[in-house]
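Trainee: If you scroll down you'll find the structure; I have some questions about it.
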Amino acid sequence: MIVTITMNPAVDKSTSINKLVPEKKMRCSELITEAGGGGINVSKAIKELGGESLAVFPSGGMNGKLIENYLSQRQINYKSIPVAHETRENIVVRETDTNQQFRFVMPGASLSDKEAHACFELLQQLEPRPTCIVASGSLPPGLPEDFFGELAKVVKKLNARYIIDTSGKPLQLAAKEGVYLLKPNLSELCALVGKEHLEVNEVDDAAMEVIKQGSCEVMVVSMGPTGALLVTRDGCEHIPTPTVKKQSTVGAGDSMVAGMVWMLSQGKTISETVRFGVACGTAATMNPGTQLFKKEDVHRLYDWINKYADKYKMKLD
């Protein structure tokens, strides 16, 4: 049983316009509205792949109801935690003349201690017990920075795998407690090892240092257009990213996590898992606005990665 945790969900709205001009009334394309936020995006992507998960998130006001209705219509399982304040919404505008994307991200509603702890209580009451718990996205105002670290303690009691995709202090505090898989970018990896900068040839050693400290068993370092670096105690493997026409980066990281979690649930090797995750993340950039990937694109890109990845293989057998 895969459970995704989204503590800062959002109604994601996206549109496009030829050119952004200040002080002018601009006519936009059709507005697309979707349920969003890290873990919710992961659950959506798992559903697209043919898998099942349970999305857990706080839900408040009309926006919270919109997210619940969206998931219900797509037959995505969820359990919402009622909260007092309105769930946030985000806006993405693509300028078609330049293909630039403008993302307006709201802070989210404050959560009380009681509302936050309801998440822990819900997880411990689930039957059957989850085998994999994915925490993805930011923390809303009101939650302490060690929330994901405290969640790590709950996950250990459940004897589940904990995969986390966040940033800043919440990421560092979660890593301190120990998780199964971390997915930092280069700047986040720098923070984890206490360095301001890492050269390309230092990344694998830095990731290995984090693993040896007991912060995680697997690390997947996102390296943008150059791909990703998979690191375990057994070694490392560089996984290239196929070149595609990029339309949006929204949800690409969540799509990558979803692909990895789904493959883990299928009992695949860690190398297959991360290659498929890179395929999902890349496929997500091919769609506009806040839309995620199409399954047929994922499998086509996965075939490409499997064909070429061995050329980039470093140490991992």
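We label chains A, B, ... in the order they appear in the structure tokens, count residues from 1 in each chain, and number ligands from 1 in the order shown.
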Fewer than 4 positions away in the same chain doesn't count, so skip those; otherwise give me all residues within 10 Å of region 271-273 of chain A, counting only C-alpha atoms, as a list in words.
Mentor: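 Answer for this query is Leu230, Val231, Cys236, Glu237, His238, Ile239, Met256, Val257, Gly259, Met260, Val261, Trp262, Met263, Leu264, Ser265, Gln266, Gly267, Gly277, Val278, Tyr302, Ile305, Asn306, Leu316 and Asp317 of chain A.
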Trainee: Could you name the residues that touch region 141-158 of chain A at 8 Å or less, counting only C-alpha atoms, but leaving out those on the same chain fewer than 6 positions away, as a PDB file with N, CA, C and O atoms, in the first residue's frame?
Mentor:
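Output (out_0.pdb):
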```pdb
ATOM      1  N   PRO A 107       1.258  30.858  -0.302  1.00  0.00           N
ATOM      2  CA  PRO A 107       1.908  30.224   0.853  1.00  0.00           C
ATOM      3  C   PRO A 107       1.129  29.070   1.465  1.00  0.00           C
ATOM      4  O   PRO A 107       1.707  28.188   2.080  1.00  0.00           O
ATOM      5  N   GLY A 108      -0.155  29.069   1.336  1.00  0.00           N
ATOM      6  CA  GLY A 108      -0.963  28.015   1.954  1.00  0.00           C
ATOM      7  C   GLY A 108      -1.531  28.456   3.284  1.00  0.00           C
ATOM      8  O   GLY A 108      -1.059  29.410   3.916  1.00  0.00           O
ATOM      9  N   ALA A 109      -2.556  27.749   3.729  1.00  0.00           N
ATOM     10  CA  ALA A 109      -3.232  28.089   4.982  1.00  0.00           C
ATOM     11  C   ALA A 109      -2.455  27.558   6.177  1.00  0.00           C
ATOM     12  O   ALA A 109      -1.801  26.516   6.106  1.00  0.00           O
ATOM     13  N   SER A 110      -2.511  28.276   7.276  1.00  0.00           N
ATOM     14  CA  SER A 110      -1.859  27.831   8.508  1.00  0.00           C
ATOM     15  C   SER A 110      -2.584  26.616   9.079  1.00  0.00           C
ATOM     16  O   SER A 110      -3.814  26.527   9.037  1.00  0.00           O
ATOM     17  N   LEU A 111      -1.799  25.678   9.610  1.00  0.00           N
ATOM     18  CA  LEU A 111      -2.375  24.505  10.266  1.00  0.00           C
ATOM     19  C   LEU A 111      -2.061  24.557  11.755  1.00  0.00           C
ATOM     20  O   LEU A 111      -0.971  24.964  12.155  1.00  0.00           O
ATOM     21  N   SER A 112      -3.002  24.140  12.554  1.00  0.00           N
ATOM     22  CA  SER A 112      -2.782  24.075  14.002  1.00  0.00           C
ATOM     23  C   SER A 112      -2.038  22.785  14.348  1.00  0.00           C
ATOM     24  O   SER A 112      -1.950  21.859  13.535  1.00  0.00           O
ATOM     25  N   ASP A 113      -1.515  22.711  15.556  1.00  0.00           N
ATOM     26  CA  ASP A 113      -0.839  21.492  16.012  1.00  0.00           C
ATOM     27  C   ASP A 113      -1.792  20.302  15.970  1.00  0.00           C
ATOM     28  O   ASP A 113      -1.410  19.189  15.585  1.00  0.00           O
ATOM     29  N   ALA A 116      -2.224  19.120  12.417  1.00  0.00           N
ATOM     30  CA  ALA A 116      -1.012  18.447  11.940  1.00  0.00           C
ATOM     31  C   ALA A 116      -0.896  17.037  12.519  1.00  0.00           C
ATOM     32  O   ALA A 116      -0.583  16.079  11.807  1.00  0.00           O
ATOM     33  N   PHE A 120      -0.594  12.187  11.633  1.00  0.00           N
ATOM     34  CA  PHE A 120       0.116  11.073  12.255  1.00  0.00           C
ATOM     35  C   PHE A 120      -0.869  10.002  12.744  1.00  0.00           C
ATOM     36  O   PHE A 120      -0.648   8.796  12.566  1.00  0.00           O
ATOM     37  N   GLN A 124      -1.348   5.906  11.474  1.00  0.00           N
ATOM     38  CA  GLN A 124      -1.209   4.775  12.387  1.00  0.00           C
ATOM     39  C   GLN A 124      -2.483   3.939  12.491  1.00  0.00           C
ATOM     40  O   GLN A 124      -2.444   2.808  12.979  1.00  0.00           O
ATOM     41  N   ARG A 129      -1.709  -1.812   6.635  1.00  0.00           N
ATOM     42  CA  ARG A 129      -0.655  -0.842   6.921  1.00  0.00           C
ATOM     43  C   ARG A 129       0.119  -0.510   5.651  1.00  0.00           C
ATOM     44  O   ARG A 129       0.372  -1.394   4.824  1.00  0.00           O
ATOM     45  N   PRO A 130       0.516   0.756   5.504  1.00  0.00           N
ATOM     46  CA  PRO A 130       1.265   1.139   4.298  1.00  0.00           C
ATOM     47  C   PRO A 130       2.642   0.495   4.267  1.00  0.00           C
ATOM     48  O   PRO A 130       3.281   0.309   5.304  1.00  0.00           O
ATOM     49  N   ILE A 133       5.567   5.157   2.219  1.00  0.00           N
ATOM     50  CA  ILE A 133       4.973   6.462   2.497  1.00  0.00           C
ATOM     51  C   ILE A 133       5.824   7.520   1.827  1.00  0.00           C
ATOM     52  O   ILE A 133       7.036   7.601   2.037  1.00  0.00           O
ATOM     53  N   ALA A 135       6.363  11.521   1.238  1.00  0.00           N
ATOM     54  CA  ALA A 135       6.079  12.897   1.655  1.00  0.00           C
ATOM     55  C   ALA A 135       6.699  13.826   0.625  1.00  0.00           C
ATOM     56  O   ALA A 135       7.914  13.785   0.405  1.00  0.00           O
ATOM     57  N   LYS A 169      15.370  23.358   5.325  1.00  0.00           N
ATOM     58  CA  LYS A 169      15.520  22.777   6.658  1.00  0.00           C
ATOM     59  C   LYS A 169      14.649  21.538   6.867  1.00  0.00           C
ATOM     60  O   LYS A 169      15.101  20.563   7.495  1.00  0.00           O
ATOM     61  N   PRO A 170      13.398  21.519   6.362  1.00  0.00           N
ATOM     62  CA  PRO A 170      12.594  20.300   6.529  1.00  0.00           C
ATOM     63  C   PRO A 170      13.260  19.056   5.943  1.00  0.00           C
ATOM     64  O   PRO A 170      13.177  17.971   6.531  1.00  0.00           O
ATOM     65  N   LEU A 171      13.941  19.206   4.802  1.00  0.00           N
ATOM     66  CA  LEU A 171      14.663  18.085   4.200  1.00  0.00           C
ATOM     67  C   LEU A 171      15.820  17.646   5.094  1.00  0.00           C
ATOM     68  O   LEU A 171      16.018  16.445   5.345  1.00  0.00           O
ATOM     69  N   LEU A 173      16.245  18.033   8.326  1.00  0.00           N
ATOM     70  CA  LEU A 173      15.800  17.435   9.583  1.00  0.00           C
ATOM     71  C   LEU A 173      15.212  16.049   9.360  1.00  0.00           C
ATOM     72  O   LEU A 173      15.350  15.163  10.215  1.00  0.00           O
ATOM     73  N   ALA A 174      14.561  15.838   8.219  1.00  0.00           N
ATOM     74  CA  ALA A 174      14.055  14.504   7.897  1.00  0.00           C
ATOM     75  C   ALA A 174      15.214  13.541   7.670  1.00  0.00           C
ATOM     76  O   ALA A 174      15.198  12.396   8.142  1.00  0.00           O
ATOM     77  N   ALA A 175      16.247  14.018   6.939  1.00  0.00           N
ATOM     78  CA  ALA A 175      17.423  13.182   6.673  1.00  0.00           C
ATOM     79  C   ALA A 175      18.126  12.808   7.974  1.00  0.00           C
ATOM     80  O   ALA A 175      18.677  11.713   8.102  1.00  0.00           O
ATOM     81  N   LYS A 176      18.106  13.707   8.928  1.00  0.00           N
ATOM     82  CA  LYS A 176      18.748  13.442  10.224  1.00  0.00           C
ATOM     83  C   LYS A 176      18.099  12.253  10.925  1.00  0.00           C
ATOM     84  O   LYS A 176      18.768  11.485  11.630  1.00  0.00           O
ATOM     85  N   GLU A 177      16.799  12.078  10.720  1.00  0.00           N
ATOM     86  CA  GLU A 177      16.085  10.953  11.337  1.00  0.00           C
ATOM     87  C   GLU A 177      16.295   9.660  10.559  1.00  0.00           C
ATOM     88  O   GLU A 177      16.138   8.568  11.101  1.00  0.00           O
ATOM     89  N   GLY A 178      16.636   9.779   9.256  1.00  0.00           N
ATOM     90  CA  GLY A 178      16.861   8.607   8.428  1.00  0.00           C
ATOM     91  C   GLY A 178      15.632   8.226   7.618  1.00  0.00           C
ATOM     92  O   GLY A 178      14.534   8.092   8.171  1.00  0.00           O
ATOM     93  N   VAL A 179      15.795   8.090   6.310  1.00  0.00           N
ATOM     94  CA  VAL A 179      14.700   7.724   5.408  1.00  0.00           C
ATOM     95  C   VAL A 179      15.213   6.645   4.445  1.00  0.00           C
ATOM     96  O   VAL A 179      16.398   6.307   4.441  1.00  0.00           O
TER      97      VAL A 179
END
```
Trainee: Pick from A:Val218, A:Val3, A:Leu49, A:Ile40: nearest to Asp297 (chain A), with only C-alpha atoms counted?
Mentor: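 Among the listed residues, the smallest separation from Asp297 (chain A) belongs to A:Leu49.
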Trainee: Would you list, as a PyMOL selection string, the residues of region 23-237 of chain A that end up in strand (DSSP E or B) under DSSP run on this structure's backbone?
Mentor: chain A and resi 32-36+54-59+77-82+88-95+100-104+132-136+161-165+181-182+185+218-222+228-232+235-237
Trainee: Work out how far apart CA of Thr87 (chain A) and CA of Pro9 (chain A) are and give it in Å to one decimal.
Mentor: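 These atoms are spaced 6.9 Å apart.
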Trainee: In terms of the shortest atom-to-atom distance over only C-alpha atoms, which of A:Leu292, A:Leu192, A:Ala279, A:Leu123 is closest to Gly227 (chain A)?
Mentor: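 When distances to Gly227 (chain A) are compared using only C-alpha atoms, the smallest one comes from A:Ala279.
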Trainee: Please extract the residues of region 136-216 of chain A with a backbone DSSP assignment of helix (DSSP H, G or I) and present them as a ChimeraX atom specification.
Mentor: /A:147-158,168-177,186-193,200-212
Trainee: So that I can check the surroundings of Leu181 (chain A), please list as a PyMOL selection string every protein, DNA and RNA residue that reaches within 7 Å of it, counting only C-alpha atoms and ignoring chain neighbours fewer than 2 positions away.
Mentor: chain A and resi 162-164+179+183+216-219
Trainee: Would you list the contacts of Arg27 (chain A) as a ChimeraX atom specification, taking every protein, DNA or RNA residue within 12 Å and counting only C-alpha atoms, but skipping same-chain residues closer than 3 positions in sequence?
Mentor: /A:15-21,24,30-31,93,95
Trainee: When you draw a straight line from CA of Val42 (chain A) to CA of Gln247 (chain A), how long is it in Å?
Mentor: 19.4 Å
Trainee: Just to confirm, what's the straight-line distance from CA of Lys307 (chain A) to CA of Thr243 (chain A) in Å (one decimal)?
Mentor: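 For CA of Lys307 (chain A) relative to CA of Thr243 (chain A), the distance reads 14.1 Å.
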Trainee: Applying 12 Å and only C-alpha atoms, which residues near Lys47 (chain A) remain after dropping the ones on its own chain fewer than 2 positions away? List them as a JSON list (two decimals) with all heavy atoms, in the first residue's frame.
Mentor:
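Result saved to result23.json:
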```
[["chain", "number", "residue", "atom", "x", "y", "z"],
["A", 2, "ILE", "N", 0.69, 2.06, -1.01],
["A", 2, "ILE", "CA", 1.43, 3.31, -1.14],
["A", 2, "ILE", "C", 0.57, 4.45, -0.59],
["A", 2, "ILE", "O", -0.59, 4.60, -0.98],
["A", 2, "ILE", "CB", 1.78, 3.61, -2.62],
["A", 2, "ILE", "CG1", 2.62, 2.47, -3.21],
["A", 2, "ILE", "CG2", 2.50, 4.94, -2.75],
["A", 2, "ILE", "CD1", 2.76, 2.55, -4.72],
["A", 40, "ILE", "N", -0.11, 14.76, -3.85],
["A", 40, "ILE", "CA", -1.28, 14.57, -4.71],
["A", 40, "ILE", "C", -0.83, 14.35, -6.15],
["A", 40, "ILE", "O", -1.38, 13.49, -6.86],
["A", 40, "ILE", "CB", -2.23, 15.77, -4.59],
["A", 40, "ILE", "CG1", -2.92, 15.74, -3.22],
["A", 40, "ILE", "CG2", -3.28, 15.77, -5.71],
["A", 40, "ILE", "CD1", -3.78, 16.95, -2.91],
["A", 41, "ASN", "N", 0.16, 15.10, -6.59],
["A", 41, "ASN", "CA", 0.70, 14.88, -7.94],
["A", 41, "ASN", "C", 1.27, 13.47, -8.08],
["A", 41, "ASN", "O", 1.13, 12.83, -9.11],
["A", 41, "ASN", "CB", 1.78, 15.90, -8.26],
["A", 41, "ASN", "CG", 1.22, 17.27, -8.61],
["A", 41, "ASN", "OD1", 0.08, 17.39, -9.04],
["A", 41, "ASN", "ND2", 2.01, 18.30, -8.41],
["A", 42, "VAL", "N", 1.93, 12.99, -7.03],
["A", 42, "VAL", "CA", 2.48, 11.62, -7.05],
["A", 42, "VAL", "C", 1.34, 10.61, -7.20],
["A", 42, "VAL", "O", 1.43, 9.68, -8.01],
["A", 42, "VAL", "CB", 3.31, 11.34, -5.78],
["A", 42, "VAL", "CG1", 3.73, 9.87, -5.73],
["A", 42, "VAL", "CG2", 4.55, 12.23, -5.75],
["A", 43, "SER", "N", 0.27, 10.79, -6.45],
["A", 43, "SER", "CA", -0.88, 9.88, -6.56],
["A", 43, "SER", "C", -1.52, 9.93, -7.94],
["A", 43, "SER", "O", -1.92, 8.89, -8.49],
["A", 43, "SER", "CB", -1.92, 10.21, -5.48],
["A", 43, "SER", "OG", -1.52, 9.72, -4.21],
["A", 44, "LYS", "N", -1.64, 11.12, -8.51],
["A", 44, "LYS", "CA", -2.18, 11.26, -9.86],
["A", 44, "LYS", "C", -1.32, 10.51, -10.87],
["A", 44, "LYS", "O", -1.83, 9.82, -11.76],
["A", 44, "LYS", "CB", -2.26, 12.74, -10.25],
["A", 44, "LYS", "CG", -3.36, 13.52, -9.55],
["A", 44, "LYS", "CD", -3.14, 15.02, -9.60],
["A", 44, "LYS", "CE", -2.94, 15.56, -10.99],
["A", 44, "LYS", "NZ", -2.69, 17.03, -10.97],
["A", 45, "ALA", "N", -0.01, 10.64, -10.73],
["A", 45, "ALA", "CA", 0.90, 10.00, -11.67],
["A", 45, "ALA", "C", 0.87, 8.48, -11.52],
["A", 45, "ALA", "O", 0.92, 7.74, -12.51],
["A", 45, "ALA", "CB", 2.32, 10.52, -11.46],
["A", 49, "LEU", "N", -0.17, 5.53, -14.36],
["A", 49, "LEU", "CA", 0.65, 4.35, -14.67],
["A", 49, "LEU", "C", -0.10, 3.04, -14.47],
["A", 49, "LEU", "O", 0.40, 1.97, -14.82],
["A", 49, "LEU", "CB", 1.91, 4.35, -13.80],
["A", 49, "LEU", "CG", 2.93, 5.46, -14.09],
["A", 49, "LEU", "CD1", 3.99, 5.51, -13.00],
["A", 49, "LEU", "CD2", 3.56, 5.28, -15.47],
["A", 50, "GLY", "N", -1.30, 3.13, -13.91],
["A", 50, "GLY", "CA", -2.09, 1.93, -13.68],
["A", 50, "GLY", "C", -2.01, 1.42, -12.26],
["A", 50, "GLY", "O", -2.50, 0.32, -11.97],
["A", 51, "GLY", "N", -1.41, 2.18, -11.36],
["A", 51, "GLY", "CA", -1.26, 1.77, -9.98],
["A", 51, "GLY", "C", -2.29, 2.42, -9.07],
["A", 51, "GLY", "O", -3.11, 3.24, -9.50],
["A", 52, "GLU", "N", -2.22, 2.07, -7.79],
["A", 52, "GLU", "CA", -3.13, 2.62, -6.79],
["A", 52, "GLU", "C", -2.33, 3.18, -5.62],
["A", 52, "GLU", "O", -1.26, 2.66, -5.27],
["A", 52, "GLU", "CB", -4.09, 1.54, -6.28],
["A", 52, "GLU", "CG", -5.03, 0.97, -7.33],
["A", 52, "GLU", "CD", -6.06, 1.97, -7.83],
["A", 52, "GLU", "OE1", -6.36, 2.93, -7.08],
["A", 52, "GLU", "OE2", -6.56, 1.78, -8.95],
["A", 53, "SER", "N", -2.85, 4.22, -5.02],
["A", 53, "SER", "CA", -2.25, 4.80, -3.82],
["A", 53, "SER", "C", -3.35, 5.46, -3.01],
["A", 53, "SER", "O", -4.49, 5.57, -3.46],
["A", 53, "SER", "CB", -1.17, 5.83, -4.21],
["A", 53, "SER", "OG", -1.77, 6.95, -4.84],
["A", 54, "LEU", "N", -2.98, 5.89, -1.83],
["A", 54, "LEU", "CA", -3.91, 6.64, -0.97],
["A", 54, "LEU", "C", -3.30, 8.01, -0.72],
["A", 54, "LEU", "O", -2.21, 8.11, -0.17],
["A", 54, "LEU", "CB", -4.13, 5.91, 0.35],
["A", 54, "LEU", "CG", -5.01, 6.64, 1.37],
["A", 54, "LEU", "CD1", -6.47, 6.65, 0.90],
["A", 54, "LEU", "CD2", -4.90, 5.99, 2.75],
["A", 55, "ALA", "N", -4.01, 9.05, -1.14],
["A", 55, "ALA", "CA", -3.54, 10.43, -0.94],
["A", 55, "ALA", "C", -4.09, 10.96, 0.37],
["A", 55, "ALA", "O", -5.30, 10.97, 0.58],
["A", 55, "ALA", "CB", -3.98, 11.31, -2.11],
["A", 71, "LEU", "N", -10.26, 14.28, -7.24],
["A", 71, "LEU", "CA", -9.72, 12.94, -6.99],
["A", 71, "LEU", "C", -10.82, 11.87, -7.09],
["A", 71, "LEU", "O", -10.59, 10.79, -7.64],
["A", 71, "LEU", "CB", -9.04, 12.89, -5.63],
["A", 71, "LEU", "CG", -7.82, 13.82, -5.45],
["A", 71, "LEU", "CD1", -7.30, 13.73, -4.02],
["A", 71, "LEU", "CD2", -6.71, 13.47, -6.43],
["A", 74, "ARG", "N", -11.66, 10.91, -10.62],
["A", 74, "ARG", "CA", -10.61, 10.12, -11.28],
["A", 74, "ARG", "C", -10.31, 8.83, -10.54],
["A", 74, "ARG", "O", -9.34, 8.16, -10.84],
["A", 74, "ARG", "CB", -9.35, 10.98, -11.44],
["A", 74, "ARG", "CG", -9.54, 12.03, -12.53],
["A", 74, "ARG", "CD", -8.68, 13.26, -12.34],
["A", 74, "ARG", "NE", -8.99, 14.24, -13.38],
["A", 74, "ARG", "CZ", -10.04, 15.06, -13.34],
["A", 74, "ARG", "NH1", -10.88, 15.00, -12.33],
["A", 74, "ARG", "NH2", -10.24, 15.91, -14.33],
["A", 75, "GLN", "N", -11.16, 8.51, -9.58],
["A", 75, "GLN", "CA", -11.06, 7.26, -8.81],
["A", 75, "GLN", "C", -9.69, 7.10, -8.15],
["A", 75, "GLN", "O", -9.10, 6.01, -8.15],
["A", 75, "GLN", "CB", -11.39, 6.07, -9.71],
["A", 75, "GLN", "CG", -12.82, 6.11, -10.25],
["A", 75, "GLN", "CD", -13.16, 4.90, -11.10],
["A", 75, "GLN", "OE1", -12.31, 4.40, -11.84],
["A", 75, "GLN", "NE2", -14.39, 4.42, -10.99],
["A", 76, "ILE", "N", -9.19, 8.21, -7.62],
["A", 76, "ILE", "CA", -7.95, 8.20, -6.84],
["A", 76, "ILE", "C", -8.33, 8.18, -5.36],
["A", 76, "ILE", "O", -9.04, 9.07, -4.88],
["A", 76, "ILE", "CB", -7.08, 9.43, -7.16],
["A", 76, "ILE", "CG1", -6.65, 9.40, -8.64],
["A", 76, "ILE", "CG2", -5.85, 9.48, -6.26],
["A", 76, "ILE", "CD1", -5.93, 10.65, -9.10],
["A", 77, "ASN", "N", -7.90, 7.16, -4.65],
["A", 77, "ASN", "CA", -8.26, 7.02, -3.23],
["A", 77, "ASN", "C", -7.64, 8.15, -2.41],
["A", 77, "ASN", "O", -6.50, 8.54, -2.64],
["A", 77, "ASN", "CB", -7.76, 5.68, -2.70],
["A", 77, "ASN", "CG", -8.37, 4.51, -3.44],
["A", 77, "ASN", "OD1", -9.55, 4.52, -3.76],
["A", 77, "ASN", "ND2", -7.55, 3.50, -3.72],
["A", 255, "SER", "N", 6.44, 13.61, -10.70],
["A", 255, "SER", "CA", 6.27, 12.50, -11.66],
["A", 255, "SER", "C", 7.43, 11.53, -11.55],
["A", 255, "SER", "O", 7.25, 10.30, -11.62],
["A", 255, "SER", "CB", 6.18, 13.06, -13.09],
["A", 255, "SER", "OG", 5.02, 13.84, -13.26],
["A", 258, "ALA", "N", 6.88, 9.47, -8.49],
["A", 258, "ALA", "CA", 5.80, 8.50, -8.73],
["A", 258, "ALA", "C", 6.30, 7.30, -9.52],
["A", 258, "ALA", "O", 5.97, 6.15, -9.20],
["A", 258, "ALA", "CB", 4.66, 9.18, -9.47],
["A", 259, "GLY", "N", 7.09, 7.57, -10.56],
["A", 259, "GLY", "CA", 7.62, 6.47, -11.36],
["A", 259, "GLY", "C", 8.49, 5.54, -10.54],
["A", 259, "GLY", "O", 8.41, 4.30, -10.67],
["A", 261, "VAL", "N", 8.40, 5.10, -7.19],
["A", 261, "VAL", "CA", 7.59, 4.39, -6.19],
["A", 261, "VAL", "C", 6.82, 3.25, -6.85],
["A", 261, "VAL", "O", 6.72, 2.14, -6.31],
["A", 261, "VAL", "CB", 6.62, 5.37, -5.50],
["A", 261, "VAL", "CG1", 5.64, 4.63, -4.61],
["A", 261, "VAL", "CG2", 7.39, 6.40, -4.69],
["A", 262, "TRP", "N", 6.27, 3.53, -8.02],
["A", 262, "TRP", "CA", 5.49, 2.51, -8.73],
["A", 262, "TRP", "C", 6.37, 1.32, -9.10],
["A", 262, "TRP", "O", 5.96, 0.17, -8.93],
["A", 262, "TRP", "CB", 4.87, 3.13, -9.97],
["A", 262, "TRP", "CG", 3.90, 2.20, -10.67],
["A", 262, "TRP", "CD1", 2.63, 1.89, -10.28],
["A", 262, "TRP", "CD2", 4.15, 1.44, -11.86],
["A", 262, "TRP", "NE1", 2.07, 1.00, -11.15],
["A", 262, "TRP", "CE2", 2.97, 0.71, -12.13],
["A", 262, "TRP", "CE3", 5.24, 1.33, -12.72],
["A", 262, "TRP", "CZ2", 2.86, -0.13, -13.24],
["A", 262, "TRP", "CZ3", 5.13, 0.49, -13.81],
["A", 262, "TRP", "CH2", 3.95, -0.23, -14.07],
["A", 292, "LEU", "N", 0.39, 16.43, -16.01],
["A", 292, "LEU", "CA", 1.52, 15.55, -15.82],
["A", 292, "LEU", "C", 1.80, 14.80, -17.12],
["A", 292, "LEU", "O", 1.52, 15.31, -18.20],
["A", 292, "LEU", "CB", 1.26, 14.60, -14.65],
["A", 292, "LEU", "CG", 1.02, 15.30, -13.30],
["A", 292, "LEU", "CD1", 0.77, 14.28, -12.20],
["A", 292, "LEU", "CD2", 2.20, 16.21, -12.92],
["A", 293, "PHE", "N", 2.35, 13.61, -17.04],
["A", 293, "PHE", "CA", 2.78, 12.90, -18.24],
["A", 293, "PHE", "C", 1.67, 12.04, -18.86],
["A", 293, "PHE", "O", 0.63, 11.79, -18.25],
["A", 293, "PHE", "CB", 3.98, 12.02, -17.92],
["A", 293, "PHE", "CG", 3.72, 11.04, -16.81],
["A", 293, "PHE", "CD1", 2.94, 9.91, -17.01],
["A", 293, "PHE", "CD2", 4.26, 11.24, -15.54],
["A", 293, "PHE", "CE1", 2.70, 9.00, -16.00],
["A", 293, "PHE", "CE2", 4.01, 10.32, -14.52],
["A", 293, "PHE", "CZ", 3.23, 9.21, -14.75],
["A", 294, "LYS", "N", 1.96, 11.58, -20.08],
["A", 294, "LYS", "CA", 1.14, 10.56, -20.72],
["A", 294, "LYS", "C", 1.91, 9.25, -20.66],
["A", 294, "LYS", "O", 3.11, 9.21, -20.93],
["A", 294, "LYS", "CB", 0.84, 10.95, -22.16],
["A", 294, "LYS", "CG", 0.03, 12.23, -22.29],
["A", 294, "LYS", "CD", -0.13, 12.65, -23.73],
["A", 294, "LYS", "CE", -0.89, 13.97, -23.84],
["A", 294, "LYS", "NZ", -0.97, 14.46, -25.23],
["A", 295, "LYS", "N", 1.19, 8.17, -20.35],
["A", 295, "LYS", "CA", 1.86, 6.89, -20.14],
["A", 295, "LYS", "C", 2.64, 6.42, -21.36],
["A", 295, "LYS", "O", 3.73, 5.87, -21.23],
["A", 295, "LYS", "CB", 0.82, 5.83, -19.73],
["A", 295, "LYS", "CG", 1.42, 4.50, -19.34],
["A", 295, "LYS", "CD", 0.44, 3.64, -18.56],
["A", 295, "LYS", "CE", -0.78, 3.27, -19.37],
["A", 295, "LYS", "NZ", -1.63, 2.28, -18.66]]
```
Trainee: Quick one: everything within 12 Å of Lys13 (chain A), counting only C-alpha atoms, minus sequence neighbours fewer than 3 positions away in the same chain. Send it as a ChimeraX atom specification.
Mentor: /A:10,16,29-37,63,66-67,88-94,102-106,250,288-291
Trainee: With distances taken over only C-alpha atoms, which residue among A:Asn185, A:Gln213, A:Thr232, A:Thr282 lies nearest Leu301 (chain A)?
Mentor: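 With only C-alpha atoms as the atom set, the closest residue is A:Thr282.
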